[in-house]
$ cat model_0.cif   # mmCIF, C-alpha atoms
data_upload
loop_
_atom_site.label_atom_id
_atom_site.label_comp_id
_atom_site.auth_asym_id
_atom_site.auth_seq_id
_atom_site.Cartn_x
_atom_site.Cartn_y
_atom_site.Cartn_z
CA MET A 476 -71.63 -0.28 18.79
CA LYS A 477 -70.78 2.45 21.27
CA LYS A 478 -68.10 1.45 23.74
CA ILE A 479 -68.72 1.78 27.48
CA ARG A 480 -66.31 4.42 28.80
CA VAL A 481 -64.79 3.50 32.16
CA LEU A 482 -62.94 5.77 34.60
CA VAL A 483 -60.65 3.80 36.93
CA VAL A 484 -60.02 5.42 40.34
CA ASP A 485 -57.39 3.35 42.14
CA ASP A 486 -53.87 4.02 43.43
CA ALA A 487 -52.53 0.56 42.48
CA PRO A 488 -50.83 0.09 39.08
CA PHE A 489 -51.53 -3.64 39.48
CA THR A 490 -55.28 -2.93 39.46
CA HIS A 491 -54.98 -0.57 36.48
CA ARG A 492 -53.44 -3.41 34.50
CA ALA A 493 -55.89 -6.02 35.81
CA ILE A 494 -58.87 -3.88 34.78
CA ALA A 495 -57.37 -3.19 31.35
CA LYS A 496 -56.87 -6.94 30.84
CA ALA A 497 -60.39 -7.75 32.04
CA LEU A 498 -62.28 -5.38 29.74
CA PRO A 499 -62.35 -6.35 26.04
CA GLY A 500 -61.37 -3.38 23.89
CA ASP A 501 -64.21 -4.03 21.43
CA PHE A 502 -66.79 -3.14 24.06
CA PHE A 503 -65.03 -1.02 26.67
CA GLU A 504 -62.73 1.99 26.70
CA ILE A 505 -60.74 3.04 29.76
CA CYS A 506 -61.12 6.77 29.32
CA GLY A 507 -59.04 7.73 32.36
CA VAL A 508 -57.08 6.51 35.36
CA ALA A 509 -57.08 8.52 38.59
CA LYS A 510 -54.68 7.64 41.40
CA ASN A 511 -56.70 9.05 44.29
CA GLY A 512 -60.20 10.22 45.09
CA ARG A 513 -59.48 13.89 44.46
CA GLU A 514 -58.14 13.16 40.98
CA GLY A 515 -61.15 10.93 40.42
CA ILE A 516 -63.61 13.75 41.12
CA LYS A 517 -61.76 16.07 38.74
CA MET A 518 -61.52 13.49 35.97
CA TYR A 519 -65.18 12.52 36.36
CA ALA A 520 -66.19 16.13 35.71
CA GLU A 521 -63.84 16.40 32.72
CA LEU A 522 -64.47 13.03 31.09
CA ALA A 523 -68.12 12.25 31.93
CA PRO A 524 -67.51 8.48 31.88
CA ASP A 525 -70.33 5.93 31.66
CA VAL A 526 -69.00 3.99 34.67
CA VAL A 527 -66.50 4.56 37.48
CA THR A 528 -64.59 1.78 39.28
CA MET A 529 -63.73 3.17 42.70
CA ASP A 530 -61.20 1.82 45.19
CA VAL A 531 -61.68 2.75 48.86
CA THR A 532 -58.21 2.93 50.45
CA MET A 533 -56.34 5.67 48.57
CA PRO A 534 -54.08 8.59 49.45
CA VAL A 535 -55.31 12.21 49.46
CA LEU A 536 -59.03 11.32 49.44
CA ASP A 537 -60.59 7.90 49.98
CA GLY A 538 -63.08 6.29 47.64
CA LEU A 539 -66.19 6.71 49.79
CA ALA A 540 -65.60 10.45 50.13
CA ALA A 541 -64.89 10.75 46.40
CA ALA A 542 -68.02 8.77 45.50
CA ARG A 543 -70.09 11.02 47.77
CA GLU A 544 -68.79 14.14 46.01
CA ILE A 545 -69.32 12.70 42.54
CA LEU A 546 -72.89 11.62 43.40
CA THR A 547 -73.65 15.03 44.92
CA ALA A 548 -72.63 16.69 41.65
CA ASP A 549 -74.24 14.02 39.45
CA ALA A 550 -76.88 11.82 41.09
CA SER A 551 -76.97 9.60 38.00
CA ALA A 552 -73.26 8.67 38.23
CA LYS A 553 -72.70 4.92 37.94
CA ILE A 554 -70.09 3.84 40.47
CA ILE A 555 -68.79 0.35 41.22
CA MET A 556 -66.87 -0.04 44.46
CA LEU A 557 -63.84 -2.25 43.78
CA THR A 558 -61.82 -2.76 46.92
CA ALA A 559 -59.83 -5.19 49.05
CA ARG A 560 -62.26 -4.89 51.96
CA GLY A 561 -65.74 -6.31 51.86
CA ASP A 562 -67.00 -6.03 55.42
CA GLU A 563 -70.66 -5.41 56.16
CA GLU A 564 -69.95 -1.95 57.53
CA LEU A 565 -68.21 -0.81 54.35
CA VAL A 566 -70.84 -2.35 52.08
CA ALA A 567 -73.54 -0.59 54.14
CA ALA A 568 -71.69 2.73 53.89
CA ALA A 569 -71.59 2.36 50.10
CA LYS A 570 -75.28 1.44 49.99
CA ASN A 571 -76.08 4.57 52.02
CA LEU A 572 -74.55 6.56 49.19
CA GLY A 573 -76.78 4.71 46.72
CA ILE A 574 -74.01 2.39 45.50
CA ASP A 575 -75.17 -1.19 45.32
CA VAL A 576 -72.58 -2.72 43.00
CA PHE A 577 -69.65 -3.83 45.13
CA LEU A 578 -66.77 -6.08 44.07
CA GLN A 579 -64.14 -7.34 46.47
CA LYS A 580 -60.60 -7.76 45.14
CA PRO A 581 -59.24 -9.97 43.76
CA PHE A 582 -61.87 -9.99 41.03
CA LYS A 583 -62.26 -12.31 38.09
CA PRO A 584 -62.48 -10.60 34.65
CA GLY A 585 -66.02 -11.93 34.12
CA GLN A 586 -67.17 -10.48 37.45
CA LEU A 587 -66.09 -6.99 36.44
CA VAL A 588 -67.72 -7.23 33.00
CA THR A 589 -70.95 -8.48 34.60
CA ALA A 590 -70.88 -5.71 37.20
CA ILE A 591 -70.42 -3.03 34.52
CA GLN A 592 -73.20 -4.49 32.38
CA LYS A 593 -75.47 -4.64 35.43
CA ILE A 594 -74.91 -1.03 36.42
CA CYS A 595 -75.28 0.18 32.82
CA ARG A 596 -78.72 -1.43 32.59
CA LYS A 597 -79.93 0.60 35.56
CA GLU A 598 -81.49 3.99 35.07
CA MET B 152 -63.57 -17.93 59.89
CA PRO B 153 -60.72 -18.48 62.35
CA GLY B 154 -61.76 -19.70 65.77
CA SER B 155 -60.31 -18.62 69.08
CA GLY B 156 -56.96 -16.90 69.43
CA SER B 157 -55.59 -13.60 68.20
CA TYR B 158 -56.32 -11.28 65.28
CA THR B 159 -53.17 -12.81 63.80
CA GLU B 160 -55.21 -15.90 62.90
CA PHE B 161 -57.33 -13.80 60.55
CA PHE B 162 -54.21 -12.71 58.66
CA GLY B 163 -53.04 -16.31 58.32
CA ALA B 164 -56.44 -17.29 56.92
CA ALA B 165 -56.48 -14.33 54.51
CA LEU B 166 -52.94 -15.08 53.30
CA LYS B 167 -53.77 -18.73 52.64
CA GLU B 168 -57.02 -17.83 50.84
CA ASN B 169 -55.47 -15.21 48.57
CA LEU B 170 -52.31 -17.15 47.74
CA ALA B 171 -54.62 -19.90 46.50
CA GLU B 172 -57.02 -17.59 44.66
CA MET B 173 -54.51 -15.18 43.09
CA ALA B 174 -51.48 -17.40 42.49
CA GLY B 175 -52.82 -20.96 42.75
CA LEU B 176 -50.39 -21.63 45.62
CA ASP B 177 -50.89 -23.64 48.75
CA CYS B 178 -49.05 -22.61 51.90
CA ILE B 179 -48.33 -23.84 55.38
CA VAL B 180 -48.86 -21.18 58.02
CA GLY B 181 -46.49 -21.63 60.95
CA GLU B 182 -46.89 -20.96 64.64
CA THR B 183 -47.40 -17.40 65.84
CA ARG B 184 -44.66 -16.03 68.08
CA PRO B 185 -43.66 -12.64 69.54
CA GLN B 186 -41.60 -10.49 67.17
CA GLN B 187 -38.40 -8.64 67.98
CA GLU B 188 -38.36 -4.87 67.48
CA THR B 189 -35.66 -5.23 64.82
CA PHE B 190 -35.47 -8.06 62.37
CA SER B 191 -33.58 -8.92 59.22
CA SER B 192 -35.60 -8.53 56.05
CA LYS B 193 -35.49 -11.09 53.28
CA GLY B 194 -35.23 -8.17 50.83
CA LEU B 195 -38.69 -6.65 50.32
CA ALA B 196 -41.19 -5.59 52.95
CA VAL B 197 -44.66 -4.19 52.39
CA ILE B 198 -46.29 -2.32 55.27
CA VAL B 199 -49.99 -1.56 55.60
CA GLY B 200 -51.23 0.56 58.50
CA ILE B 201 -54.41 -0.24 60.39
CA THR B 202 -56.58 2.56 61.77
CA GLY B 203 -59.88 2.63 63.63
CA LYS B 204 -60.54 1.67 67.24
CA ARG B 205 -57.42 -0.52 67.18
CA GLN B 206 -54.37 0.97 65.52
CA GLY B 207 -51.58 -1.15 64.19
CA LEU B 208 -49.64 -2.40 61.24
CA VAL B 209 -49.06 -5.42 59.05
CA VAL B 210 -45.69 -6.20 57.46
CA LEU B 211 -45.18 -8.91 54.86
CA ASP B 212 -41.53 -9.68 54.27
CA ILE B 213 -40.34 -11.73 51.30
CA GLY B 214 -37.20 -12.34 49.23
CA LYS B 215 -36.84 -10.63 45.85
CA GLU B 216 -36.79 -13.87 43.87
CA SER B 217 -39.85 -15.16 45.73
CA ALA B 218 -41.64 -11.87 44.98
CA ARG B 219 -40.75 -12.16 41.29
CA ARG B 220 -42.08 -15.73 41.09
CA LEU B 221 -45.23 -14.76 42.98
CA CYS B 222 -45.79 -11.86 40.57
CA GLU B 223 -45.43 -14.18 37.57
CA LEU B 224 -47.98 -16.60 38.99
CA ILE B 225 -50.45 -13.82 39.81
CA ASP B 226 -50.09 -11.96 36.53
CA GLY B 227 -49.35 -14.87 34.18
CA GLU B 228 -46.41 -13.09 32.53
CA SER B 229 -42.61 -13.23 32.88
CA TYR B 230 -40.79 -10.59 34.90
CA SER B 231 -37.17 -9.87 35.78
CA LEU B 232 -35.98 -9.00 39.28
CA GLU B 233 -35.57 -5.38 38.20
CA ASP B 234 -39.11 -5.00 36.86
CA GLU B 235 -40.97 -2.40 38.88
CA PHE B 236 -44.26 -4.21 38.28
CA VAL B 237 -43.06 -6.94 40.67
CA LEU B 238 -43.12 -4.34 43.45
CA HIS B 239 -46.56 -3.06 42.40
CA THR B 240 -47.94 -6.60 42.37
CA LEU B 241 -46.49 -7.42 45.77
CA ALA B 242 -47.87 -4.20 47.26
CA GLU B 243 -51.36 -4.94 45.93
CA PHE B 244 -51.17 -8.57 47.05
CA VAL B 245 -50.45 -7.43 50.62
CA ASN B 246 -53.19 -4.80 50.35
CA ILE B 247 -55.67 -7.50 49.35
CA VAL B 248 -54.56 -9.94 52.07
CA THR B 249 -54.85 -7.19 54.68
CA GLY B 250 -58.23 -6.12 53.28
CA HIS B 251 -59.57 -9.64 53.63
CA ALA B 252 -58.22 -9.97 57.17
CA VAL B 253 -59.73 -6.61 58.15
CA THR B 254 -63.03 -7.75 56.61
CA LEU B 255 -63.00 -10.90 58.75
CA ILE B 256 -62.12 -8.93 61.91
CA ASN B 257 -64.72 -6.18 61.32
CA ASP B 258 -67.45 -8.72 60.64
CA ALA B 259 -66.52 -10.75 63.73
CA HIS B 260 -66.02 -7.78 66.06
CA LYS B 261 -68.60 -5.12 65.31
CA GLY B 262 -67.65 -1.64 66.40
CA LEU B 263 -63.90 -1.89 65.81
CA HIS B 264 -64.29 0.06 62.53
CA LEU B 265 -60.87 -1.02 61.29
CA GLU B 266 -59.63 0.71 58.16
CA MET B 267 -56.36 0.54 56.24
CA THR B 268 -53.72 2.86 54.85
CA PRO B 269 -52.31 2.42 51.33
CA PRO B 270 -49.35 -0.01 51.27
CA SER B 271 -45.75 1.22 51.55
CA LEU B 272 -42.81 -0.73 50.21
CA PHE B 273 -39.37 -1.00 51.81
CA LEU B 274 -36.24 -2.48 50.29
CA GLY B 275 -33.32 -3.38 52.53
CA SER B 276 -31.92 -5.89 54.92
CA GLU B 277 -32.85 -4.57 58.33
CA LEU B 278 -36.20 -3.29 59.44
CA LYS B 279 -37.01 -1.76 62.79
CA ILE B 280 -40.59 -1.48 64.02
CA THR B 281 -40.89 1.23 66.62
CA GLY B 282 -44.06 2.59 68.07
CA TYR B 283 -45.50 3.53 71.40
CA LYS B 284 -46.72 0.34 73.00
CA ILE B 285 -46.90 -1.54 69.73
CA LYS B 286 -46.42 -5.23 70.46
CA THR B 287 -45.94 -7.42 67.46
CA GLU B 288 -46.50 -11.05 66.63
CA VAL B 289 -45.11 -12.90 63.67
CA PHE B 290 -45.75 -16.05 61.70
CA GLU B 291 -43.99 -17.60 58.76
CA ALA B 292 -45.73 -18.99 55.70
CA ASP B 293 -44.03 -21.70 53.70
CA THR B 294 -45.01 -21.55 50.03
CA PRO B 295 -43.73 -23.18 46.82
CA VAL B 296 -42.12 -19.83 45.86
CA GLY B 297 -40.33 -19.43 49.20
CA LYS B 298 -40.97 -18.28 52.74
CA MET B 299 -42.89 -15.16 53.71
CA THR B 300 -42.88 -13.60 57.14
CA VAL B 301 -45.97 -11.75 58.32
CA THR B 302 -45.73 -9.40 61.30
CA ILE B 303 -48.86 -8.00 62.92
CA GLY B 304 -48.83 -5.38 65.64
CA PHE B 305 -51.49 -3.42 67.45
CA LYS B 306 -51.09 -0.42 69.71
CA GLY B 307 -51.59 -1.32 73.34
CA GLY B 308 -50.18 -4.75 72.72
CA ARG B 309 -52.15 -7.94 72.53
CA SER B 310 -52.21 -8.50 68.78
CA GLY B 311 -54.79 -10.90 70.09
CA GLY B 312 -56.81 -7.90 71.19
CA ARG B 313 -59.82 -9.72 72.66
#
$ encode --input "model_0.cif" --output "structure tokens"
Amino acid sequence: MKKIRVLVVDDAPFTHRAIAKALPGDFFEICGVAKNGREGIKMYAELAPDVVTMDVTMPVLDGLAAAREILTADASAKIIMLTARGDEELVAAAKNLGIDVFLQKPFKPGQLVTAIQKICRKE
Amino acid sequence: MPGSGSYTEFFGAALKENLAEMAGLDCIVGETRPQQETFSSKGLAVIVGITGKRQGLVVLDIGKESARRLCELIDGESYSLEDEFVLHTLAEFVNIVTGHAVTLINDAHKGLHLEMTPPSLFLGSELKITGYKIKTEVFEADTPVGKMTVTIGFKGGRSGGR
């Protein structure tokens, strides 16, 4: 079975480890880790992942701006917002970009797996 | 959601919620009081900036051993005091607590558009908070891994801001 390739865009090493622990290696592959939005855009173009987990608060370029750029270049990009904030304004801003899978930290491993499966089923 | 009072209440609620969810710890949040410009750190301090229509900062101060024990409970593995991952875990814990507090404030007070900066970590014994018209409040949280001090300040004073 083909593994789902995940690009992690987050500046926190804690989250890198939490995501790696949450995703079973038989089904998922973390194909890259970007530490800010600008790196995330570059790595998305290079790696063409199946799914991106995107933090919001990051240095250099925040997650909403990075998601906007990725979706402008590739409207079919599958992006999950994974962030400490979950206020209505932020969720609405993500929805305006076409992102409707939103997880607030801290997340449970099962929530992340379900979110990735959900977004991968969408065309 | 916290009732009347200052924004500081939202941070107390977010700390309690996330200590329970991430580390399985209960805590007693103490009274809020004004903070001095300079205070002695317990050893580690994480600072998160707040931007938007109200600008300010949040500082969580904790001892090194308390941070190590908190990290072990959050991550489920053993760590030494020297392990850098303890610092990463503490920084992300404070980021999450602040994110939840900002969520509560933004949802309760539409139009504030509060956002956050990435967390910064400081190691040392004395910390000075200086800023134009930043007035800070502080509360202490008593937890099974030790005490934490949370300082909240907003530009223009009135951490209570309403």
$ residues_around --input "model_0.cif" --residues "segment 490-500 of chain A" --least-positions-apart "5" --cutoff "12 Å" --atoms "only C-alpha atoms" --output "JSON, numbers by chain"
{"A": [476, 477, 478, 479, 480, 481, 482, 483, 484, 485, 505, 506, 507, 508, 509, 510, 527, 528, 529, 530, 557, 558, 559, 580, 581, 582, 583, 584, 585, 586, 587, 588, 589, 590, 591, 592], "B": [173, 225, 226, 227, 236, 239, 240, 241, 242, 243, 244, 246, 247]}
$ interface_residues --input "model_0.cif" --of "chain B" --to "chain A" --cutoff "12 Å" --atoms "all atoms listed in the file" --output "ChimeraX atom specification"
/B:165,168-174,199-202,222,225-227,235-271
$ residues_around --input "model_0.cif" --residues "Leu272 of chain B" --least-positions-apart "3" --cutoff "7 Å" --atoms "only C-alpha atoms" --output "PyMOL selection string"
chain B and resi 196-198+242
$ residues_around --input "model_0.cif" --residues "Glu216 of chain B" --least-positions-apart "6" --cutoff "10 Å" --atoms "all atoms listed in the file" --output "JSON, numbers by chain"
{"B": [193, 194, 195, 222, 231, 232, 237, 296, 297]}
$ atom_distance --input "model_0.cif" --atom1 "atom CA of Val209 of chain B" --atom2 "atom CA of Ile555 of chain A"
27.2 Å
$ resolve_selection --input "model_0.cif" --expression "the PyMOL selection byres ((chain A and resi 517) around 12)" --output "list in words"
Leu482, Val484, Gly507, Val508, Ala509, Lys510, Asn511, Gly512, Arg513, Glu514, Gly515, Ile516, Met518, Tyr519, Ala520, Glu521, Leu522, Ala523, Pro524, Ala541, Ala542, Glu544, Ile545 and Ala548 of chain A
$ closest_residue --input "model_0.cif" --among "B:Arg219, B:Lys204, B:Lys298, B:Lys286" --to "Val180 of chain B" --atoms "all atoms listed in the file"
B:Lys298
$ atom_distance --input "model_0.cif" --atom1 "atom CA of Leu221 of chain B" --atom2 "atom CA of Asp177 of chain B"
12.0 Å
$ resolve_selection --input "model_0.cif" --expression "the PyMOL selection byres ((chain B and resi 207) around 6)" --output "VMD selection string"
chain B and resid 200 to 201 206 208 304 to 306
$ atom_distance --input "model_0.cif" --atom1 "atom CA of Glu288 of chain B" --atom2 "atom CA of Thr302 of chain B"
5.6 Å
